[in-house]
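Text of model_29.txt, listed as compact mmCIF, C-alpha atoms (C1' of nucleotides):
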```txt
# COMPACT_ATOMS: atom_id res chain seq x y z
CA MET G 366 245.54 -34.84 89.69
CA ASN G 367 246.93 -33.09 92.75
CA HIS G 368 248.17 -29.73 91.56
CA GLU G 369 249.66 -28.99 94.99
CA LEU G 370 252.48 -31.27 93.92
CA PHE G 371 253.31 -29.02 90.99
CA SER G 372 252.71 -25.52 92.36
CA ASP G 373 255.56 -25.62 94.87
CA ASP G 374 257.32 -22.52 96.19
CA THR G 375 260.81 -23.95 96.00
CA PRO G 376 263.36 -21.14 95.65
CA LEU G 377 265.07 -21.17 92.26
CA PRO G 378 268.87 -20.95 92.52
CA ILE G 379 270.31 -18.40 90.11
CA GLY G 380 273.78 -18.39 91.61
CA ASP G 381 275.82 -19.40 94.65
CA GLY G 382 273.70 -18.04 97.51
CA ALA G 383 271.31 -16.32 95.11
CA LEU G 384 267.67 -17.35 94.96
CA LEU G 385 264.57 -16.36 93.04
CA LEU G 386 261.33 -16.67 95.02
CA ARG G 387 258.70 -16.61 92.31
CA GLY G 388 255.52 -14.80 93.36
CA PHE G 389 256.61 -14.61 96.99
CA ALA G 390 255.05 -11.15 97.44
CA LEU G 391 251.77 -11.90 95.65
CA GLY G 392 249.60 -12.06 98.76
CA VAL G 393 250.72 -8.67 100.03
CA ASP G 394 251.22 -6.74 96.80
CA ASP G 395 248.37 -4.32 97.51
CA ALA G 396 249.74 -3.51 100.94
CA LEU G 397 253.24 -3.00 99.52
CA LEU G 398 252.00 -0.60 96.84
CA GLU G 399 249.94 1.31 99.39
CA ALA G 400 253.07 1.66 101.53
CA VAL G 401 255.09 2.83 98.52
CA ASP G 402 252.48 5.52 97.85
CA ALA G 403 252.63 6.66 101.49
CA VAL G 404 256.44 6.89 101.40
CA SER G 405 256.38 8.69 98.05
CA ALA G 406 253.94 11.27 99.42
CA GLU G 407 256.47 12.17 102.14
CA ALA G 408 259.63 11.76 100.09
CA PRO G 409 258.81 12.16 96.40
CA ALA G 410 260.82 10.02 93.99
CA ARG G 411 263.40 11.94 91.99
CA ARG G 412 266.03 11.21 89.39
CA LEU G 413 269.51 11.19 90.91
CA CYS G 414 272.83 11.95 89.26
CA THR G 415 275.74 9.52 89.25
CA PRO G 416 279.16 10.70 90.44
CA GLY G 417 280.10 10.75 86.77
CA GLY G 418 277.46 13.41 86.16
CA HIS G 419 274.87 11.30 84.36
CA ARG G 420 271.19 11.48 85.23
CA MET G 421 269.80 8.06 86.16
CA SER G 422 266.71 6.89 84.26
CA VAL G 423 264.87 5.56 87.34
CA GLU G 424 263.05 7.68 89.92
CA THR G 425 264.32 7.01 93.41
CA THR G 426 263.16 7.45 96.98
CA SER G 427 263.88 5.60 100.24
CA CYS G 428 262.46 4.71 103.60
CA GLY G 429 263.96 3.43 106.82
CA ARG G 430 266.78 4.80 108.94
CA TRP G 431 268.97 5.33 105.88
CA GLY G 432 268.33 6.35 102.30
CA TRP G 433 270.51 5.63 99.30
CA VAL G 434 271.60 8.75 97.46
CA SER G 435 273.94 9.59 94.62
CA ASP G 436 275.36 12.89 93.45
CA ALA G 437 278.64 14.42 92.30
CA ALA G 438 280.16 13.48 95.68
CA GLY G 439 279.47 9.76 95.19
CA TYR G 440 277.11 6.96 96.24
CA ARG G 441 276.25 6.78 99.92
CA TYR G 442 273.59 6.32 102.56
CA ALA G 443 272.19 9.46 104.18
CA GLU G 444 269.98 9.83 107.26
CA CYS G 445 268.12 12.75 105.71
CA ASP G 446 266.44 13.26 102.37
CA PRO G 447 268.57 15.92 100.65
CA VAL G 448 265.46 17.33 98.98
CA SER G 449 263.49 17.99 102.17
CA GLY G 450 266.32 18.03 104.70
CA ARG G 451 264.17 15.77 106.89
CA ALA G 452 264.64 12.17 107.99
CA TRP G 453 263.43 9.53 105.52
CA PRO G 454 259.97 8.11 106.19
CA ALA G 455 259.96 5.14 108.54
CA MET G 456 259.93 1.74 106.84
CA PRO G 457 256.28 0.64 106.71
CA GLU G 458 255.71 -2.70 108.48
CA PRO G 459 254.38 -4.52 105.39
CA LEU G 460 257.66 -3.72 103.64
CA ARG G 461 259.83 -4.86 106.50
CA ARG G 462 257.78 -8.03 106.92
CA ILE G 463 258.05 -9.21 103.32
CA ALA G 464 261.79 -8.54 103.27
CA VAL G 465 262.45 -10.42 106.50
CA ALA G 466 260.21 -13.30 105.41
CA ALA G 467 261.91 -13.60 102.01
CA ALA G 468 265.37 -13.52 103.58
CA ALA G 469 264.33 -16.23 106.06
CA ARG G 470 262.94 -18.35 103.22
CA ALA G 471 266.33 -18.02 101.55
CA GLY G 472 268.20 -19.10 104.66
CA HIS G 473 269.06 -15.71 106.19
CA ALA G 474 267.37 -15.99 109.59
CA HIS G 475 268.45 -12.66 111.07
CA PHE G 476 268.06 -10.14 108.25
CA ASP G 477 267.41 -6.72 109.78
CA PRO G 478 267.10 -4.15 106.98
CA ASP G 479 267.58 -0.51 107.89
CA THR G 480 266.89 0.86 104.41
CA CYS G 481 264.53 0.23 101.53
CA LEU G 482 265.39 1.82 98.22
CA ILE G 483 262.32 2.38 96.05
CA ASN G 484 262.97 2.65 92.32
CA ARG G 485 260.23 3.48 89.84
CA TYR G 486 260.82 2.49 86.21
CA ALA G 487 258.93 4.13 83.36
CA PRO G 488 259.22 2.64 79.87
CA GLY G 489 262.79 3.18 78.66
CA ALA G 490 264.28 3.19 82.17
CA ARG G 491 267.03 0.71 83.00
CA MET G 492 269.75 -0.01 85.51
CA GLY G 493 273.25 -0.77 84.32
CA LEU G 494 275.40 -3.47 85.86
CA HIS G 495 276.62 -2.44 89.32
CA GLN G 496 277.52 -3.77 92.75
CA ASP G 497 275.76 -2.91 96.02
CA ARG G 498 278.87 -2.13 98.01
CA ASN G 499 278.09 0.95 100.08
CA GLU G 500 276.93 -1.16 103.01
CA HIS G 501 279.09 -1.98 106.02
CA ASP G 502 278.15 -5.60 106.64
CA PHE G 503 278.36 -7.81 103.57
CA SER G 504 277.13 -10.80 105.59
CA GLN G 505 273.62 -9.35 105.31
CA PRO G 506 271.87 -10.26 102.05
CA ILE G 507 270.13 -8.12 99.46
CA VAL G 508 266.38 -8.57 99.08
CA SER G 509 264.77 -7.24 95.90
CA VAL G 510 260.99 -7.17 95.32
CA SER G 511 259.52 -6.63 91.85
CA LEU G 512 256.09 -5.02 91.41
CA GLY G 513 254.20 -4.03 88.29
CA LEU G 514 255.49 -4.45 84.74
CA PRO G 515 257.88 -7.34 84.02
CA ILE G 516 261.55 -6.76 83.25
CA VAL G 517 264.68 -8.81 82.52
CA PHE G 518 267.13 -8.94 85.44
CA GLN G 519 270.82 -9.44 84.79
CA PHE G 520 272.76 -11.37 87.41
CA GLY G 521 276.49 -11.38 86.81
CA GLY G 522 279.56 -12.42 88.69
CA LEU G 523 282.03 -10.72 90.97
CA GLN G 524 283.76 -9.05 88.05
CA ARG G 525 282.10 -6.64 85.67
CA SER G 526 283.45 -8.64 82.77
CA ASP G 527 281.59 -11.82 83.83
CA ARG G 528 278.73 -12.41 81.44
CA PRO G 529 275.44 -11.93 83.32
CA GLN G 530 272.63 -14.46 83.14
CA ARG G 531 269.19 -13.15 82.24
CA VAL G 532 266.31 -13.73 84.59
CA PRO G 533 262.80 -12.57 83.60
CA LEU G 534 261.07 -11.00 86.60
CA ALA G 535 257.32 -10.57 87.09
CA HIS G 536 255.04 -8.83 89.58
CA GLY G 537 255.47 -10.39 93.02
CA ASP G 538 258.84 -12.02 92.38
CA VAL G 539 261.49 -11.65 95.08
CA LEU G 540 265.25 -12.10 94.69
CA VAL G 541 267.58 -12.75 97.60
CA TRP G 542 271.34 -12.87 97.22
CA GLY G 543 274.15 -12.95 99.73
CA GLY G 544 277.15 -14.94 100.85
CA PRO G 545 279.45 -15.68 97.91
CA THR G 546 277.37 -13.52 95.55
CA ARG G 547 276.70 -10.60 97.89
CA LEU G 548 278.88 -8.39 95.68
CA ALA G 549 277.71 -9.80 92.34
CA PHE G 550 277.22 -7.31 89.54
CA HIS G 551 273.56 -6.96 88.63
CA GLY G 552 271.14 -4.70 86.78
CA VAL G 553 268.06 -4.72 84.59
CA LEU G 554 267.47 -4.29 80.87
CA THR G 555 265.35 -1.45 79.51
CA LEU G 556 261.71 -1.56 80.63
CA LYS G 557 259.31 -2.14 77.77
CA ALA G 558 256.01 -0.26 77.55
CA GLY G 559 252.96 -1.98 78.98
CA ILE G 560 250.07 -1.66 81.41
CA HIS G 561 249.88 -3.49 84.72
CA PRO G 562 246.54 -3.60 86.55
CA LEU G 563 248.08 -2.43 89.84
CA THR G 564 250.88 -0.08 88.79
CA GLY G 565 249.80 1.13 85.37
CA ALA G 566 252.65 1.97 83.01
CA SER G 567 255.46 1.37 85.50
CA ARG G 568 257.57 -1.11 87.40
CA ILE G 569 258.53 -0.60 91.01
CA ASN G 570 261.51 -2.27 92.62
CA LEU G 571 262.08 -2.41 96.36
CA THR G 572 265.64 -3.13 97.47
CA PHE G 573 266.14 -3.93 101.14
CA ARG G 574 269.59 -3.76 102.68
CA ARG G 575 271.41 -3.45 105.96
CA ALA G 576 273.37 -0.26 105.38
CA ARG G 577 275.03 -0.05 108.81
C1' DC K 369 280.64 2.38 84.64
C1' DA K 370 273.76 2.68 89.57
C1' DG K 371 276.42 6.15 82.86
C1' DT K 372 276.30 7.18 77.47
C1' DA K 373 277.97 6.74 72.75
C1' DA K 374 279.66 4.51 68.86
C1' DC K 375 280.31 0.68 66.46
C1' DG K 376 280.18 -4.05 64.75
C1' DG Z 426 273.29 -6.58 72.34
C1' DG Z 427 277.91 -6.63 74.69
C1' DG Z 428 282.33 -4.95 75.99
C1' DC Z 429 285.43 -1.13 76.84
```

Please express what this file holds, its structure, as structure tokens.
Amino acid sequence: MNHELFSDDTPLPIGDGALLLRGFALGVDDALLEAVDAVSAEAPARRLCTPGGHRMSVETTSCGRWGWVSDAAGYRYAECDPVSGRAWPAMPEPLRRIAVAAAARAGHAHFDPDTCLINRYAPGARMGLHQDRNEHDFSQPIVSVSLGLPIVFQFGGLQRSDRPQRVPLAHGDVLVWGGPTRLAFHGVLTLKAGIHPLTGASRINLTFRRAR
DNA sequence: CAGTAACG
DNA sequence: GGGC
């Protein structure tokens, strides 16, 4: 029996222009987590507030030219970390490489991310349905890397009222969406408690985008 | 509404 | 768990 025939890396379509690359980051997971630790040492993750005044349940930091921030003034990209007043840490090469490779695998040959949002989920943390729409160029896709504990991703449509499909995500999975679904509503359900050998009691999500 | 609460 |  040739198992090569059955262990293919064919991207799984989850929508029009939206693909799940199962285990795509598995070979470089250690390097990614090491990079996340380095970024977090320079720009510690913190819980942001939404414009509506609610504290988000995830802990957020960023690297790259731009960092995603949210406060009473709204959602936006900032060149400096508002906590330190300094520029965000540079995007570590292992992070950039996996994002560019995943985008290419999904058919986006010229993805050039200038920001990586790092979200840490502890048990009980979640992310409600939302659109990534603070970027300037919607022709560039979104690349999302899952590390650590599994979670259920929700991928909806272009309207909040569209019922999202549920996609279980595991350590090493990578999602790429763009084109017709670039503005699709998405989120994740509440993280359940567990222990992952590499991340312990948490899940880490890396979201790569071209902000400008 | 990148949110919570209340309610079926 | 899903919609407002």

Proximal residues of chain K relative to chain G (all atoms listed in the file; 8 Å) as a VMD selection string: chain K and resid 369 to 371

Atom CA of Ala576 of chain G to atom CA of His501 of chain G, straight-line distance in Å: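 Straight-line distance from atom CA of His501 of chain G to atom CA of Ala576 of chain G works out to 6.0 Å.
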
Cut-off 9 Å around (246.8, -5.6, 90.1) with all atoms listed in the file: residues as a PyMOL selection string: chain G and resi 394-395+513+536+561-565

Within 12 Å of chain Z: residues of chain G, using only C-alpha atoms (C1' of nucleotides), as a PyMOL selection string: chain G and resi 494+525-529+554-555

Just C-alpha atoms for this one: save the residues we selected as a PDB file, keeping the file's coordinate frame.
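Written output follows (result_3.pdb):
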```
ATOM      1  CA  LEU G 494     275.400  -3.470  85.860  1.00  0.00           C
ATOM      2  CA  ARG G 525     282.100  -6.640  85.670  1.00  0.00           C
ATOM      3  CA  SER G 526     283.450  -8.640  82.770  1.00  0.00           C
ATOM      4  CA  ASP G 527     281.590 -11.820  83.830  1.00  0.00           C
ATOM      5  CA  ARG G 528     278.730 -12.410  81.440  1.00  0.00           C
ATOM      6  CA  PRO G 529     275.440 -11.930  83.320  1.00  0.00           C
ATOM      7  CA  LEU G 554     267.470  -4.290  80.870  1.00  0.00           C
ATOM      8  CA  THR G 555     265.350  -1.450  79.510  1.00  0.00           C
TER       9      THR G 555
END
```

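The two atoms in question, atom CA of Phe389 of chain G and atom CA of Ala408 of chain G, are spaced 26.7 Å apart.
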
Could you work out an axis-aligned box for segment 369-375 of chain K, taking every atom the file lists and adding 5 Å on each side, and report centre and edge lengths in Å to one decimal, as AutoDock Vina command-line options?
```
--center_x 277.2 --center_y 3.9 --center_z 78.0 --size_x 16.9 --size_y 16.5 --size_z 33.1
```

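Take atom CA of Leu540 of chain G and atom CA of Leu386 of chain G: the distance between them is 6.0 Å.
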
Can you put N, CA and C atoms back into segment 531-563 of chain G and show it as an mmCIF file, in the coordinates of the input?
```cif
data_model
loop_
_atom_site.group_PDB
_atom_site.id
_atom_site.type_symbol
_atom_site.label_atom_id
_atom_site.label_comp_id
_atom_site.auth_asym_id
_atom_site.auth_seq_id
_atom_site.Cartn_x
_atom_site.Cartn_y
_atom_site.Cartn_z
ATOM 1 N N ARG G 531 270.432 -13.925 82.324
ATOM 2 C CA ARG G 531 269.190 -13.150 82.240
ATOM 3 C C ARG G 531 268.070 -13.878 82.944
ATOM 4 N N VAL G 532 267.406 -13.153 83.817
ATOM 5 C CA VAL G 532 266.310 -13.730 84.590
ATOM 6 C C VAL G 532 265.068 -12.847 84.424
ATOM 7 N N PRO G 533 264.030 -13.348 83.739
ATOM 8 C CA PRO G 533 262.800 -12.570 83.600
ATOM 9 C C PRO G 533 262.099 -12.451 84.957
ATOM 10 N N LEU G 534 261.739 -11.235 85.324
ATOM 11 C CA LEU G 534 261.070 -11.000 86.600
ATOM 12 C C LEU G 534 259.657 -10.489 86.382
ATOM 13 N N ALA G 535 258.715 -10.995 87.186
ATOM 14 C CA ALA G 535 257.320 -10.570 87.090
ATOM 15 C C ALA G 535 256.856 -10.006 88.425
ATOM 16 N N HIS G 536 255.684 -9.391 88.387
ATOM 17 C CA HIS G 536 255.040 -8.830 89.580
ATOM 18 C C HIS G 536 254.992 -9.861 90.717
ATOM 19 N N GLY G 537 255.513 -9.493 91.858
ATOM 20 C CA GLY G 537 255.470 -10.390 93.020
ATOM 21 C C GLY G 537 256.710 -11.230 93.221
ATOM 22 N N ASP G 538 257.608 -11.229 92.230
ATOM 23 C CA ASP G 538 258.840 -12.020 92.380
ATOM 24 C C ASP G 538 259.790 -11.346 93.375
ATOM 25 N N VAL G 539 260.520 -12.168 94.108
ATOM 26 C CA VAL G 539 261.490 -11.650 95.080
ATOM 27 C C VAL G 539 262.830 -12.345 94.868
ATOM 28 N N LEU G 540 263.888 -11.568 94.806
ATOM 29 C CA LEU G 540 265.250 -12.100 94.690
ATOM 30 C C LEU G 540 265.975 -11.884 96.007
ATOM 31 N N VAL G 541 266.740 -12.881 96.415
ATOM 32 C CA VAL G 541 267.580 -12.750 97.600
ATOM 33 C C VAL G 541 268.974 -13.216 97.224
ATOM 34 N N TRP G 542 269.989 -12.372 97.439
ATOM 35 C CA TRP G 542 271.340 -12.870 97.220
ATOM 36 C C TRP G 542 272.269 -12.382 98.320
ATOM 37 N N GLY G 543 273.217 -13.252 98.647
ATOM 38 C CA GLY G 543 274.150 -12.950 99.730
ATOM 39 C C GLY G 543 275.277 -13.960 99.715
ATOM 40 N N GLY G 544 276.026 -13.991 100.790
ATOM 41 C CA GLY G 544 277.150 -14.940 100.850
ATOM 42 C C GLY G 544 278.104 -14.701 99.714
ATOM 43 N N PRO G 545 278.435 -15.771 98.968
ATOM 44 C CA PRO G 545 279.450 -15.680 97.910
ATOM 45 C C PRO G 545 279.091 -14.690 96.798
ATOM 46 N N THR G 546 277.792 -14.411 96.634
ATOM 47 C CA THR G 546 277.370 -13.520 95.550
ATOM 48 C C THR G 546 276.885 -12.163 96.057
ATOM 49 N N ARG G 547 277.165 -11.875 97.308
ATOM 50 C CA ARG G 547 276.700 -10.600 97.890
ATOM 51 C C ARG G 547 277.143 -9.391 97.051
ATOM 52 N N LEU G 548 278.325 -9.508 96.465
ATOM 53 C CA LEU G 548 278.880 -8.390 95.680
ATOM 54 C C LEU G 548 278.767 -8.628 94.166
ATOM 55 N N ALA G 549 277.877 -9.507 93.777
ATOM 56 C CA ALA G 549 277.710 -9.800 92.340
ATOM 57 C C ALA G 549 277.210 -8.552 91.599
ATOM 58 N N PHE G 550 277.733 -8.367 90.404
ATOM 59 C CA PHE G 550 277.220 -7.310 89.540
ATOM 60 C C PHE G 550 275.819 -7.688 89.076
ATOM 61 N N HIS G 551 274.944 -6.695 89.045
ATOM 62 C CA HIS G 551 273.560 -6.960 88.630
ATOM 63 C C HIS G 551 272.960 -5.681 88.053
ATOM 64 N N GLY G 552 271.836 -5.837 87.374
ATOM 65 C CA GLY G 552 271.140 -4.700 86.780
ATOM 66 C C GLY G 552 269.882 -5.186 86.091
ATOM 67 N N VAL G 553 269.216 -4.301 85.374
ATOM 68 C CA VAL G 553 268.060 -4.720 84.590
ATOM 69 C C VAL G 553 268.133 -4.098 83.198
ATOM 70 N N LEU G 554 267.563 -4.808 82.225
ATOM 71 C CA LEU G 554 267.470 -4.290 80.870
ATOM 72 C C LEU G 554 266.394 -3.191 80.814
ATOM 73 N N THR G 555 266.315 -2.539 79.687
ATOM 74 C CA THR G 555 265.350 -1.450 79.510
ATOM 75 C C THR G 555 263.906 -1.940 79.669
ATOM 76 N N LEU G 556 263.115 -1.201 80.456
ATOM 77 C CA LEU G 556 261.710 -1.560 80.630
ATOM 78 C C LEU G 556 260.932 -1.295 79.351
ATOM 79 N N LYS G 557 260.169 -2.294 78.936
ATOM 80 C CA LYS G 557 259.310 -2.140 77.770
ATOM 81 C C LYS G 557 257.954 -1.584 78.189
ATOM 82 N N ALA G 558 257.317 -0.862 77.249
ATOM 83 C CA ALA G 558 256.010 -0.260 77.550
ATOM 84 C C ALA G 558 254.981 -1.344 77.819
ATOM 85 N N GLY G 559 254.021 -1.041 78.667
ATOM 86 C CA GLY G 559 252.960 -1.980 78.980
ATOM 87 C C GLY G 559 252.043 -1.373 80.022
ATOM 88 N N ILE G 560 250.991 -2.101 80.359
ATOM 89 C CA ILE G 560 250.070 -1.660 81.410
ATOM 90 C C ILE G 560 249.894 -2.789 82.393
ATOM 91 N N HIS G 561 250.137 -2.502 83.661
ATOM 92 C CA HIS G 561 249.880 -3.490 84.720
ATOM 93 C C HIS G 561 248.661 -3.036 85.518
ATOM 94 N N PRO G 562 247.775 -3.979 85.862
ATOM 95 C CA PRO G 562 246.540 -3.600 86.550
ATOM 96 C C PRO G 562 246.780 -2.814 87.845
ATOM 97 N N LEU G 563 247.864 -3.090 88.537
ATOM 98 C CA LEU G 563 248.080 -2.430 89.840
ATOM 99 C C LEU G 563 249.005 -1.228 89.780
#
```
